[in-house]
$ cat protein11.cif   # mmCIF, C-alpha atoms and all ligand atoms
data_model
loop_
_atom_site.label_atom_id
_atom_site.label_comp_id
_atom_site.auth_asym_id
_atom_site.auth_seq_id
_atom_site.Cartn_x
_atom_site.Cartn_y
_atom_site.Cartn_z
CA MET A 441 -25.52 -21.93 -0.96
CA LYS A 442 -23.28 -22.96 1.94
CA LYS A 443 -20.41 -20.58 2.60
CA LEU A 444 -17.45 -22.94 2.20
CA GLY A 445 -15.87 -23.27 -1.26
CA PHE A 446 -13.43 -25.99 -2.33
CA GLY A 447 -10.28 -24.23 -3.57
CA LEU A 448 -8.59 -26.42 -6.16
CA MET A 449 -5.11 -24.94 -5.87
CA ARG A 450 -3.43 -27.11 -3.22
CA LEU A 451 -4.59 -30.56 -4.23
CA PRO A 452 -3.03 -33.80 -3.01
CA LEU A 453 -0.06 -34.98 -5.07
CA THR A 454 1.35 -38.38 -5.89
CA GLU A 455 4.84 -36.98 -6.29
CA GLU A 456 6.04 -34.39 -3.81
CA GLY A 457 7.23 -31.20 -5.46
CA ASN A 458 5.51 -31.96 -8.76
CA PRO A 459 2.34 -29.80 -8.83
CA GLN A 460 1.09 -31.58 -11.94
CA SER A 461 0.97 -34.99 -10.24
CA ILE A 462 -2.51 -34.60 -8.73
CA ASN A 463 -3.73 -37.62 -6.79
CA GLN A 464 -6.97 -38.07 -8.71
CA GLU A 465 -8.25 -40.97 -6.67
CA LEU A 466 -7.93 -39.06 -3.41
CA LEU A 467 -9.32 -35.88 -4.96
CA ASN A 468 -12.40 -37.81 -6.10
CA LYS A 469 -12.97 -39.01 -2.53
CA MET A 470 -12.57 -35.48 -1.19
CA VAL A 471 -15.04 -34.12 -3.74
CA ASP A 472 -17.53 -36.91 -2.92
CA TYR A 473 -17.38 -36.14 0.79
CA PHE A 474 -17.67 -32.38 0.23
CA LEU A 475 -20.77 -32.75 -1.97
CA LYS A 476 -22.33 -35.31 0.35
CA GLN A 477 -22.20 -32.75 3.17
CA GLY A 478 -24.23 -30.34 1.02
CA PHE A 479 -21.41 -28.02 -0.16
CA THR A 480 -21.43 -27.14 -3.85
CA TYR A 481 -18.91 -24.37 -4.69
CA PHE A 482 -15.63 -25.24 -6.48
CA ASP A 483 -12.92 -22.76 -7.42
CA THR A 484 -10.27 -23.44 -10.04
CA ALA A 485 -8.03 -21.31 -12.27
CA TYR A 486 -6.17 -21.60 -15.55
CA LEU A 487 -2.77 -21.81 -13.93
CA TYR A 488 -3.43 -23.78 -10.75
CA HIS A 489 -1.25 -26.87 -10.58
CA GLN A 490 0.51 -25.68 -13.74
CA GLY A 491 -2.66 -26.05 -15.77
CA MET A 492 -3.75 -29.40 -14.29
CA SER A 493 -6.33 -28.20 -11.75
CA GLU A 494 -9.05 -27.62 -14.36
CA LEU A 495 -8.48 -31.10 -15.82
CA ALA A 496 -8.51 -32.80 -12.40
CA MET A 497 -11.68 -30.91 -11.50
CA ARG A 498 -13.29 -32.14 -14.72
CA LYS A 499 -12.50 -35.77 -13.84
CA ALA A 500 -13.59 -35.46 -10.21
CA LEU A 501 -16.67 -33.36 -10.74
CA VAL A 502 -17.92 -32.76 -14.28
CA GLU A 503 -17.53 -36.36 -15.42
CA ARG A 504 -19.13 -37.76 -12.25
CA TYR A 505 -21.91 -35.34 -11.28
CA PRO A 506 -24.73 -33.50 -13.14
CA ARG A 507 -23.65 -29.97 -14.08
CA GLU A 508 -26.53 -28.35 -12.17
CA SER A 509 -25.52 -30.08 -8.92
CA PHE A 510 -22.42 -27.91 -8.37
CA VAL A 511 -21.29 -24.32 -8.74
CA LEU A 512 -18.06 -23.75 -10.67
CA ALA A 513 -15.76 -20.72 -10.62
CA ASP A 514 -12.84 -20.21 -13.00
CA LYS A 515 -10.52 -17.29 -13.71
CA MET A 516 -9.07 -15.46 -16.69
CA PRO A 517 -5.26 -15.16 -16.21
CA THR A 518 -5.00 -11.40 -16.80
CA PHE A 519 -1.22 -11.56 -16.40
CA LEU A 520 -0.90 -13.77 -19.53
CA ILE A 521 -2.89 -11.53 -21.85
CA LYS A 522 -0.85 -9.82 -24.58
CA LYS A 523 -3.61 -8.92 -27.02
CA ASN A 524 -7.40 -8.81 -27.09
CA GLU A 525 -7.76 -12.11 -28.99
CA ASP A 526 -6.02 -13.96 -26.14
CA TYR A 527 -9.17 -13.67 -24.00
CA GLN A 528 -11.36 -15.71 -26.32
CA ARG A 529 -8.64 -18.27 -27.01
CA ILE A 530 -8.01 -18.87 -23.31
CA PHE A 531 -11.72 -18.90 -22.44
CA ASN A 532 -12.43 -21.52 -25.13
CA GLU A 533 -9.54 -23.57 -23.81
CA GLN A 534 -10.97 -23.37 -20.30
CA LEU A 535 -14.42 -24.56 -21.38
CA GLU A 536 -12.75 -27.42 -23.21
CA LYS A 537 -10.47 -28.40 -20.32
CA CYS A 538 -13.27 -28.20 -17.78
CA GLY A 539 -15.74 -30.00 -20.03
CA VAL A 540 -18.51 -27.46 -19.42
CA THR A 541 -20.55 -25.01 -21.49
CA TYR A 542 -20.67 -22.26 -18.86
CA PHE A 543 -19.11 -21.11 -15.57
CA ASP A 544 -21.23 -19.95 -12.66
CA TYR A 545 -18.65 -17.45 -11.47
CA TYR A 546 -15.93 -16.04 -13.68
CA LEU A 547 -13.14 -13.81 -12.42
CA LEU A 548 -10.48 -11.57 -13.85
CA HIS A 549 -7.60 -13.16 -11.97
CA THR A 550 -5.30 -11.13 -9.69
CA LEU A 551 -6.05 -7.52 -10.46
CA GLY A 552 -3.47 -5.12 -9.11
CA VAL A 553 -1.90 -2.01 -10.56
CA LYS A 554 -0.15 -3.83 -13.41
CA ASN A 555 -2.84 -6.36 -14.36
CA TYR A 556 -5.57 -3.75 -14.08
CA ALA A 557 -3.77 -1.53 -16.60
CA LYS A 558 -3.32 -4.53 -18.92
CA THR A 559 -6.97 -5.51 -18.56
CA ILE A 560 -8.11 -2.03 -19.51
CA LYS A 561 -5.68 -1.85 -22.42
CA HIS A 562 -6.81 -5.17 -23.93
CA GLY A 563 -10.53 -4.84 -23.23
CA GLY A 564 -10.83 -7.45 -20.47
CA PHE A 565 -13.83 -5.86 -18.75
CA ASP A 566 -15.78 -5.72 -22.02
CA PHE A 567 -14.85 -9.32 -22.73
CA VAL A 568 -16.26 -10.71 -19.48
CA LYS A 569 -19.37 -8.53 -19.88
CA LYS A 570 -19.89 -10.10 -23.31
CA LEU A 571 -19.50 -13.60 -21.83
CA LYS A 572 -22.23 -12.81 -19.35
CA GLU A 573 -24.55 -11.48 -22.08
CA GLU A 574 -23.95 -14.67 -24.06
CA GLY A 575 -24.81 -16.81 -21.02
CA LYS A 576 -21.36 -18.39 -20.95
CA VAL A 577 -20.78 -17.12 -17.44
CA LYS A 578 -23.44 -16.30 -14.87
CA HIS A 579 -21.62 -13.86 -12.62
CA ILE A 580 -18.55 -11.71 -13.27
CA GLY A 581 -16.06 -10.35 -10.78
CA PHE A 582 -12.35 -10.25 -10.03
CA SER A 583 -9.79 -11.33 -7.50
CA PHE A 584 -7.67 -8.57 -6.07
CA HIS A 585 -4.16 -8.21 -4.61
CA ASP A 586 -3.28 -4.58 -4.10
CA LYS A 587 -4.12 -1.43 -2.17
CA ALA A 588 -7.65 -0.53 -1.08
CA GLU A 589 -7.39 2.76 -2.94
CA LEU A 590 -7.03 0.92 -6.26
CA LEU A 591 -9.90 -1.39 -5.38
CA ASP A 592 -12.06 1.66 -4.78
CA GLU A 593 -11.10 3.01 -8.21
CA ILE A 594 -11.84 -0.27 -9.99
CA LEU A 595 -15.23 -0.72 -8.33
CA ALA A 596 -16.18 2.88 -9.04
CA LYS A 597 -15.23 2.57 -12.71
CA HIS A 598 -16.65 -0.92 -13.19
CA PRO A 599 -20.03 -1.20 -11.49
CA GLU A 600 -20.75 -4.18 -13.77
CA MET A 601 -18.47 -6.28 -11.56
CA GLU A 602 -20.88 -8.19 -9.37
CA PHE A 603 -18.54 -9.48 -6.67
CA VAL A 604 -14.96 -9.28 -5.52
CA GLN A 605 -12.56 -11.91 -4.18
CA LEU A 606 -10.29 -10.61 -1.42
CA GLN A 607 -7.48 -11.93 0.74
CA ILE A 608 -8.91 -11.77 4.24
CA ASN A 609 -7.67 -13.40 7.42
CA TYR A 610 -7.02 -12.27 10.96
CA ILE A 611 -3.29 -11.71 10.51
CA ASP A 612 -3.71 -9.61 7.35
CA TRP A 613 -6.69 -7.68 8.71
CA ASP A 614 -4.67 -4.63 9.74
CA SER A 615 -1.65 -5.35 7.56
CA ASN A 616 -0.27 -2.25 5.85
CA ILE A 617 0.51 -4.28 2.76
CA ILE A 618 -2.41 -6.65 2.23
CA GLU A 619 -4.92 -4.17 3.67
CA SER A 620 -7.60 -6.82 4.29
CA ARG A 621 -9.74 -4.56 6.45
CA LYS A 622 -9.46 -1.55 4.16
CA CYS A 623 -10.27 -3.64 1.07
CA TYR A 624 -13.18 -5.25 2.89
CA GLU A 625 -14.53 -1.82 3.81
CA VAL A 626 -14.22 -0.64 0.21
CA ALA A 627 -16.20 -3.69 -0.99
CA LEU A 628 -18.87 -2.94 1.61
CA LYS A 629 -19.00 0.69 0.51
CA HIS A 630 -19.69 -0.44 -3.06
CA ASN A 631 -22.12 -3.06 -1.77
CA LYS A 632 -20.26 -5.91 -3.48
CA PRO A 633 -20.60 -9.43 -2.12
CA ILE A 634 -17.22 -10.83 -1.08
CA ILE A 635 -15.49 -14.13 -1.66
CA VAL A 636 -12.68 -14.68 0.83
CA MET A 637 -9.43 -16.25 -0.31
CA GLU A 638 -6.52 -17.27 1.89
CA PRO A 639 -8.54 -17.46 5.13
CA VAL A 640 -5.70 -19.50 6.67
CA LYS A 641 -3.05 -17.64 4.69
CA GLY A 642 -1.82 -20.66 2.80
CA GLY A 643 -1.48 -22.73 5.97
CA THR A 644 0.25 -20.03 8.01
CA LEU A 645 -2.70 -19.82 10.39
CA VAL A 646 -2.63 -23.56 10.87
CA ASN A 647 1.07 -23.70 11.70
CA VAL A 648 0.87 -21.05 14.41
CA PRO A 649 3.24 -20.76 17.41
CA GLU A 650 2.60 -23.29 20.20
CA GLU A 651 1.40 -20.50 22.50
CA VAL A 652 -1.42 -19.75 20.09
CA VAL A 653 -2.37 -23.41 19.79
CA LYS A 654 -2.66 -23.55 23.60
CA LEU A 655 -4.82 -20.44 23.62
CA PHE A 656 -7.24 -21.99 21.15
CA LYS A 657 -7.26 -25.45 22.73
CA ASN A 658 -7.78 -24.09 26.25
CA TYR A 659 -10.96 -22.45 25.07
CA ASN A 660 -12.24 -25.44 23.12
CA PRO A 661 -10.11 -28.58 22.71
CA GLU A 662 -12.44 -29.90 20.00
CA MET A 663 -12.01 -26.99 17.60
CA SER A 664 -9.14 -27.17 15.11
CA VAL A 665 -6.65 -24.32 14.74
CA ALA A 666 -7.85 -23.77 11.16
CA SER A 667 -11.45 -23.43 12.30
CA TRP A 668 -10.61 -20.23 14.18
CA ALA A 669 -9.29 -18.59 11.04
CA ILE A 670 -12.14 -19.73 8.83
CA ARG A 671 -14.87 -18.80 11.29
CA TYR A 672 -13.21 -15.40 11.69
CA THR A 673 -13.90 -14.63 8.03
CA ALA A 674 -17.33 -16.30 8.14
CA SER A 675 -18.32 -13.82 10.85
CA LEU A 676 -17.94 -10.87 8.46
CA GLU A 677 -20.96 -9.20 6.91
CA ASN A 678 -21.41 -9.57 3.13
CA VAL A 679 -19.00 -12.51 2.85
CA PHE A 680 -20.90 -15.09 0.84
CA MET A 681 -18.12 -17.60 0.18
CA ILE A 682 -14.89 -18.65 1.87
CA LEU A 683 -12.40 -20.60 -0.16
CA SER A 684 -10.28 -23.21 1.49
CA GLY A 685 -7.55 -24.89 -0.54
CA MET A 686 -7.93 -28.41 0.77
CA SER A 687 -5.13 -30.94 0.39
CA ASN A 688 -6.40 -34.08 2.08
CA LEU A 689 -9.58 -35.75 3.24
CA GLU A 690 -8.99 -34.82 6.89
CA GLN A 691 -9.08 -31.12 5.97
CA VAL A 692 -12.33 -31.60 4.06
CA ILE A 693 -13.88 -33.38 7.03
CA ASP A 694 -12.67 -30.72 9.45
CA ASN A 695 -13.66 -27.71 7.31
CA THR A 696 -17.11 -29.04 6.50
CA SER A 697 -17.82 -29.98 10.14
CA TYR A 698 -17.93 -26.40 11.41
CA MET A 699 -19.06 -24.80 8.14
CA LEU A 700 -22.18 -26.94 7.89
CA ASP A 701 -23.99 -24.61 10.26
CA VAL A 702 -21.36 -22.00 10.84
CA VAL A 703 -21.52 -20.14 14.14
CA PRO A 704 -19.99 -16.64 14.09
CA LEU A 705 -17.27 -15.89 16.66
CA ASN A 706 -18.56 -14.62 19.99
CA ASP A 707 -16.92 -11.75 21.87
CA GLU A 708 -14.71 -14.03 23.93
CA GLU A 709 -13.50 -15.82 20.82
CA LYS A 710 -12.82 -12.51 19.07
CA ASP A 711 -10.70 -11.54 22.05
CA ILE A 712 -8.73 -14.79 21.74
CA ILE A 713 -8.12 -14.03 18.05
CA ARG A 714 -6.79 -10.59 19.02
CA LYS A 715 -4.36 -12.22 21.45
CA ALA A 716 -3.32 -14.79 18.84
CA THR A 717 -2.64 -12.01 16.33
CA GLU A 718 -0.46 -10.26 18.88
CA ILE A 719 1.55 -13.41 19.60
CA ILE A 720 2.06 -14.18 15.92
CA ASN A 721 3.12 -10.62 15.25
CA ASN A 722 5.58 -10.76 18.17
CA ASN A 723 7.23 -13.73 16.55
CA ILE A 724 8.12 -11.82 13.46
CA ALA A 725 11.61 -11.30 12.08
CA ILE A 726 11.76 -7.51 11.63
CA PRO A 727 10.07 -5.49 14.39
CA CYS A 728 8.90 -2.75 12.04
CA THR A 729 5.84 -0.89 13.25
CA ALA A 730 5.11 0.65 9.84
CA CYS A 731 5.41 4.19 11.16
CA GLU A 732 6.94 5.18 7.79
CA TYR A 733 9.36 7.71 9.34
CA CYS A 734 12.11 6.15 7.26
CA VAL A 735 10.45 6.45 3.87
CA GLU A 736 10.74 10.14 3.09
CA GLY A 737 14.18 10.97 1.84
CA CYS A 738 15.12 7.56 0.50
CA PRO A 739 16.89 8.39 -2.76
CA LYS A 740 15.67 5.13 -4.27
CA LYS A 741 12.04 5.50 -3.17
CA ILE A 742 12.03 2.10 -1.51
CA PRO A 743 8.75 1.31 0.31
CA ILE A 744 10.68 0.01 3.34
CA PRO A 745 7.85 -0.89 5.77
CA LYS A 746 5.85 -2.59 3.05
CA PHE A 747 8.79 -4.76 2.08
CA PHE A 748 9.37 -5.60 5.75
CA SER A 749 5.74 -6.54 6.15
CA LEU A 750 5.97 -8.91 3.19
CA TYR A 751 9.21 -10.36 4.51
CA ASN A 752 7.70 -10.93 7.93
CA GLN A 753 4.74 -12.69 6.44
CA LYS A 754 6.85 -14.92 4.26
CA GLN A 755 8.71 -16.34 7.26
CA PHE A 756 5.66 -18.46 7.94
CA ARG A 757 5.45 -19.52 4.32
CA LEU A 758 6.22 -17.82 1.00
CA GLU A 759 2.99 -17.65 -0.98
CA PRO A 760 2.75 -16.74 -4.70
CA SER A 761 0.66 -13.75 -3.68
CA HIS A 762 3.63 -12.32 -1.73
CA ARG A 763 5.55 -12.11 -4.97
CA THR A 764 2.55 -10.52 -6.66
CA TYR A 765 2.37 -7.81 -4.01
CA TYR A 766 6.11 -7.24 -4.29
CA TYR A 767 5.88 -7.05 -8.06
CA ASN A 768 3.01 -4.56 -7.88
CA LEU A 769 4.94 -2.39 -5.45
CA ILE A 770 8.07 -2.18 -7.58
CA GLN A 771 6.12 -0.84 -10.53
CA HIS A 772 6.25 2.56 -8.85
CA HIS A 773 8.94 2.14 -6.19
CA GLY A 774 12.53 1.02 -5.87
CA LYS A 775 13.34 -2.67 -5.40
CA ALA A 776 15.06 -3.92 -2.25
CA ALA A 777 18.13 -4.53 -4.42
CA ASP A 778 18.22 -0.82 -5.38
CA CYS A 779 19.28 0.17 -1.84
CA ILE A 780 22.66 1.95 -1.97
CA GLY A 781 23.26 1.64 1.78
CA CYS A 782 23.33 5.38 2.47
CA LYS A 783 21.49 4.71 5.78
CA GLN A 784 19.63 7.98 5.60
CA CYS A 785 16.52 6.03 6.60
CA GLU A 786 18.08 4.48 9.69
CA GLN A 787 18.48 7.88 11.35
CA HIS A 788 14.72 8.14 11.51
CA CYS A 789 13.79 4.65 12.67
CA PRO A 790 12.45 4.68 16.22
CA GLN A 791 12.87 0.90 16.35
CA HIS A 792 16.59 1.18 15.49
CA ILE A 793 16.28 -1.33 12.71
CA ALA A 794 19.35 -1.92 10.54
CA ILE A 795 17.26 -1.17 7.48
CA ALA A 796 19.95 -1.42 4.82
CA GLU A 797 21.07 -4.83 6.16
CA GLN A 798 17.51 -6.12 6.40
CA LEU A 799 16.79 -5.01 2.85
CA LYS A 800 19.56 -7.32 1.68
CA GLU A 801 17.61 -10.20 3.23
CA VAL A 802 14.40 -8.98 1.61
CA SER A 803 16.21 -8.82 -1.72
CA LYS A 804 17.45 -12.41 -1.41
CA VAL A 805 13.86 -13.58 -1.19
CA PHE A 806 12.02 -11.28 -3.58
CA ASP A 807 14.52 -10.04 -6.17
CA VAL A 808 15.24 -13.47 -7.56
S1 LIG B 1 19.87 2.91 3.02
FE1 LIG B 1 18.72 2.15 1.31
S2 LIG B 1 16.61 2.25 2.00
FE2 LIG B 1 17.76 3.54 3.36
S3 LIG B 1 17.58 5.58 2.46
FE3 LIG B 1 19.45 4.67 1.66
S4 LIG B 1 18.81 3.72 -0.26
FE4 LIG B 1 16.95 4.12 0.90
S1 LIG B 2 11.08 3.88 10.62
FE1 LIG B 2 11.57 1.79 11.30
S2 LIG B 2 9.72 1.08 12.29
FE2 LIG B 2 9.16 2.90 11.13
S3 LIG B 2 8.50 2.09 9.14
FE3 LIG B 2 10.66 2.52 8.93
S4 LIG B 2 11.68 0.61 9.43
FE4 LIG B 2 9.61 0.44 10.18
#

$ encode --input "protein11.cif" --output "structure tokens"
Amino acid sequence: MKKLGFGLMRLPLTEEGNPQSINQELLNKMVDYFLKQGFTYFDTAYLYHQGMSELAMRKALVERYPRESFVLADKMPTFLIKKNEDYQRIFNEQLEKCGVTYFDYYLLHTLGVKNYAKTIKHGGFDFVKKLKEEGKVKHIGFSFHDKAELLDEILAKHPEMEFVQLQINYIDWDSNIIESRKCYEVALKHNKPIIVMEPVKGGTLVNVPEEVVKLFKNYNPEMSVASWAIRYTASLENVFMILSGMSNLEQVIDNTSYMLDVVPLNDEEKDIIRKATEIINNNIAIPCTACEYCVEGCPKKIPIPKFFSLYNQKQFRLEPSHRTYYYNLIQHHGKAADCIGCKQCEQHCPQHIAIAEQLKEVSKVFDV
């Protein structure tokens, strides 16, 4: 199986701002081109495009191609589950909407501290195991948005999970909040094949500062900016699939061109990526170095550097996963809005950041 997967979460629209208005005609053309190049993996989810992604996929793929000619992944929305019976109801609905009798890959969607607890409480792991035994899904796994430590715990307790889907890209690799590298290392430790999501961080690593574009183009004017980010993840051991949420035919043509016979990054290219990461990080809003000197002593237990990291990342583009990370964090920590402005933290900040003021900005974005 070729390593590029068609993510069906940022599909072309006929009406800007209306996620349900999927441009079916264009999607069909994109799917045709993708398959014609020999790629077969498609990734949808119950909630993508407010429930319309599965239906659009059905029209583009299931109703136009033999079932065995493509590989289909779908996800159980763990965050919507209120009782055990919800699993079967939603799964039946998914089969119906997709027009299939089985999924090749089936994921517990967005595990993190909160959804993991819910999934245990309502028997989600047993449910997907049962689906596999019944032949309704071929492979079971989960997508993950939280700390590497929790990933380690989940994989240790649930060896039946066959693969894991992680957010990995060069800007999140050493992030103290996303923990791409740490999560990747945990997956390797448990010998779990990895599906990469957000390789271009929702477009962030396409819309990079001009200086970074020049860096890439000077090395190879033919290679797109996106190709650097995608090939970065394709160069990692044990990554068997990279999902790209494609929105137009040009992106499909570009992505498939270098993923047809993907060439891992060479040392010089890795060095360029390191420089690009540095430039992007230097363009960030809050110059927090994540030293954590400020954290101890905060009466509200606010995870200051983690919030700043999320805020810095959102300046490129606010992704739904940023809110998920924020939500997970505030299960056990104070919110940005909880700050009482005592400034105890600021006495310890070597970067002299006006923490209390900056938290107000964080709050405007995430506490709404
Ligand atoms: S100013 Fe806010 S973040 Fe800083 S220690 Fe006080 S409550 Fe915590
Ligand atoms: S002390 Fe300053 S630089 Fe260090 S983590 Fe806190 S805000 Fe960031």

$ residues_around --input "protein11.cif" --residues "A:Leu689" --least-positions-apart "4" --cutoff "8 Å" --atoms "only C-alpha atoms" --output "MDAnalysis selection string"
chainID A and resid 466 469:470 693

$ residues_near_ligand --input "protein11.cif" --ligand "ligand LIG 2 (chain B)" --cutoff "6 Å" --atoms "only C-alpha atoms and all ligand atoms" --output "PDB file with C-alpha atoms, in the frame of the given file"
ATOM      1  CA  CYS A 728       8.900  -2.750  12.040  1.00  0.00           C
ATOM      2  CA  THR A 729       5.840  -0.890  13.250  1.00  0.00           C
ATOM      3  CA  ALA A 730       5.110   0.650   9.840  1.00  0.00           C
ATOM      4  CA  CYS A 731       5.410   4.190  11.160  1.00  0.00           C
ATOM      5  CA  GLU A 732       6.940   5.180   7.790  1.00  0.00           C
ATOM      6  CA  TYR A 733       9.360   7.710   9.340  1.00  0.00           C
ATOM      7  CA  CYS A 734      12.110   6.150   7.260  1.00  0.00           C
ATOM      8  CA  PRO A 745       7.850  -0.890   5.770  1.00  0.00           C
ATOM      9  CA  HIS A 788      14.720   8.140  11.510  1.00  0.00           C
ATOM     10  CA  CYS A 789      13.790   4.650  12.670  1.00  0.00           C
ATOM     11  CA  PRO A 790      12.450   4.680  16.220  1.00  0.00           C
ATOM     12  CA  GLN A 791      12.870   0.900  16.350  1.00  0.00           C
ATOM     13  CA  ILE A 793      16.280  -1.330  12.710  1.00  0.00           C
TER      14      ILE A 793
END

$ residues_around --input "protein11.cif" --residues "A:Ser803" --least-positions-apart "3" --cutoff "10 Å" --atoms "only C-alpha atoms" --output "PDB file with C-alpha atoms, in the frame of the given file"
ATOM      1  CA  PHE A 747       8.790  -4.760   2.080  1.00  0.00           C
ATOM      2  CA  TYR A 751       9.210 -10.360   4.510  1.00  0.00           C
ATOM      3  CA  LYS A 775      13.340  -2.670  -5.400  1.00  0.00           C
ATOM      4  CA  ALA A 776      15.060  -3.920  -2.250  1.00  0.00           C
ATOM      5  CA  ALA A 777      18.130  -4.530  -4.420  1.00  0.00           C
ATOM      6  CA  ASP A 778      18.220  -0.820  -5.380  1.00  0.00           C
ATOM      7  CA  CYS A 779      19.280   0.170  -1.840  1.00  0.00           C
ATOM      8  CA  GLN A 798      17.510  -6.120   6.400  1.00  0.00           C
ATOM      9  CA  LEU A 799      16.790  -5.010   2.850  1.00  0.00           C
ATOM     10  CA  LYS A 800      19.560  -7.320   1.680  1.00  0.00           C
ATOM     11  CA  PHE A 806      12.020 -11.280  -3.580  1.00  0.00           C
ATOM     12  CA  ASP A 807      14.520 -10.040  -6.170  1.00  0.00           C
ATOM     13  CA  VAL A 808      15.240 -13.470  -7.560  1.00  0.00           C
TER      14      VAL A 808
END

$ closest_residue --input "protein11.cif" --among "A:Asn706, A:Ser509, A:Asn688, A:Gln784" --to "ligand LIG 1 (chain B)" --atoms "only C-alpha atoms and all ligand atoms"
A:Gln784

$ residues_near_ligand --input "protein11.cif" --ligand "ligand LIG 1 (chain B)" --cutoff "6 Å" --atoms "all atoms listed in the file" --output "list in words"
Cys738, Pro739, Lys740, Ile742, Cys779, Ile780, Gly781, Cys782, Lys783, Gln784, Cys785 and Ala796 of chain A

$ closest_residue --input "protein11.cif" --among "A:Phe748, A:His489, A:Lys597, A:Leu501" --to "A:Asn458" --atoms "only C-alpha atoms"
A:His489

$ closest_residue --input "protein11.cif" --among "A:Ala794, A:Leu467, A:Leu628, A:Ile744" --to "A:Pro452" --atoms "all atoms listed in the file"
A:Leu467

$ atom_distance --input "protein11.cif" --atom1 "atom CA of A:Glu736" --atom2 "atom CA of A:His772"
14.8 Å

$ closest_residue --input "protein11.cif" --among "A:Lys632, A:Lys654, A:Lys741, A:Arg498" --to "A:Val540" --atoms "all atoms listed in the file"
A:Arg498

$ closest_residue --input "protein11.cif" --among "A:Ala588, A:Val553, A:Ile580, A:Ala666" --to "A:Gly685" --atoms "only C-alpha atoms"
A:Ala666

$ axis_aligned_box --input "protein11.cif" --around "stretch 476-490 of chain A" --padding-each-side "6 Å" --output "AutoDock Vina command-line options"
--center_x -11.9 --center_y -28.3 --center_z -6.2 --size_x 36.7 --size_y 26.0 --size_z 30.7

$ atom_distance --input "protein11.cif" --atom1 "atom CA of A:Gln753" --atom2 "atom CA of A:Tyr546"
29.0 Å

$ atom_distance --input "protein11.cif" --atom1 "atom CA of A:Val702" --atom2 "atom CA of A:Ala674"
7.5 Å

$ closest_residue --input "protein11.cif" --among "A:Gly445, A:Pro704, A:Gly737, A:Gly539" --to "A:Met637" --atoms "all atoms listed in the file"
A:Gly445

$ residues_around --input "protein11.cif" --residues "stretch 565-574 of chain A" --least-positions-apart "5" --cutoff "8 Å" --atoms "only C-alpha atoms" --output "ChimeraX atom specification"
/A:527,546,559-560,579-580,598,600

$ residues_around --input "protein11.cif" --residues "A:Tyr672" --least-positions-apart "4" --cutoff "7 Å" --atoms "only C-alpha atoms" --output "PyMOL selection string"
chain A and resi 610+668+705

$ residues_around --input "protein11.cif" --residues "A:Gln460" --least-positions-apart "6" --cutoff "9 Å" --atoms "only C-alpha atoms" --output "VMD selection string"
chain A and resid 453 489 to 493

$ residues_near_point --input "protein11.cif" --point "(-10.8, -32.1, -8.5)" --cutoff "10 Å" --atoms "all atoms listed in the file" --output "PDB file with C-alpha atoms, keeping the file's coordinate frame"
ATOM      1  CA  PHE A 446     -13.430 -25.990  -2.330  1.00  0.00           C
ATOM      2  CA  GLY A 447     -10.280 -24.230  -3.570  1.00  0.00           C
ATOM      3  CA  LEU A 448      -8.590 -26.420  -6.160  1.00  0.00           C
ATOM      4  CA  MET A 449      -5.110 -24.940  -5.870  1.00  0.00           C
ATOM      5  CA  LEU A 451      -4.590 -30.560  -4.230  1.00  0.00           C
ATOM      6  CA  PRO A 452      -3.030 -33.800  -3.010  1.00  0.00           C
ATOM      7  CA  ILE A 462      -2.510 -34.600  -8.730  1.00  0.00           C
ATOM      8  CA  ASN A 463      -3.730 -37.620  -6.790  1.00  0.00           C
ATOM      9  CA  GLN A 464      -6.970 -38.070  -8.710  1.00  0.00           C
ATOM     10  CA  GLU A 465      -8.250 -40.970  -6.670  1.00  0.00           C
ATOM     11  CA  LEU A 466      -7.930 -39.060  -3.410  1.00  0.00           C
ATOM     12  CA  LEU A 467      -9.320 -35.880  -4.960  1.00  0.00           C
ATOM     13  CA  ASN A 468     -12.400 -37.810  -6.100  1.00  0.00           C
ATOM     14  CA  LYS A 469     -12.970 -39.010  -2.530  1.00  0.00           C
ATOM     15  CA  MET A 470     -12.570 -35.480  -1.190  1.00  0.00           C
ATOM     16  CA  VAL A 471     -15.040 -34.120  -3.740  1.00  0.00           C
ATOM     17  CA  ASP A 472     -17.530 -36.910  -2.920  1.00  0.00           C
ATOM     18  CA  PHE A 482     -15.630 -25.240  -6.480  1.00  0.00           C
ATOM     19  CA  ASP A 483     -12.920 -22.760  -7.420  1.00  0.00           C
ATOM     20  CA  THR A 484     -10.270 -23.440 -10.040  1.00  0.00           C
ATOM     21  CA  MET A 492      -3.750 -29.400 -14.290  1.00  0.00           C
ATOM     22  CA  SER A 493      -6.330 -28.200 -11.750  1.00  0.00           C
ATOM     23  CA  GLU A 494      -9.050 -27.620 -14.360  1.00  0.00           C
ATOM     24  CA  LEU A 495      -8.480 -31.100 -15.820  1.00  0.00           C
ATOM     25  CA  ALA A 496      -8.510 -32.800 -12.400  1.00  0.00           C
ATOM     26  CA  MET A 497     -11.680 -30.910 -11.500  1.00  0.00           C
ATOM     27  CA  ARG A 498     -13.290 -32.140 -14.720  1.00  0.00           C
ATOM     28  CA  LYS A 499     -12.500 -35.770 -13.840  1.00  0.00           C
ATOM     29  CA  ALA A 500     -13.590 -35.460 -10.210  1.00  0.00           C
ATOM     30  CA  LEU A 501     -16.670 -33.360 -10.740  1.00  0.00           C
ATOM     31  CA  VAL A 502     -17.920 -32.760 -14.280  1.00  0.00           C
TER      32      VAL A 502
END
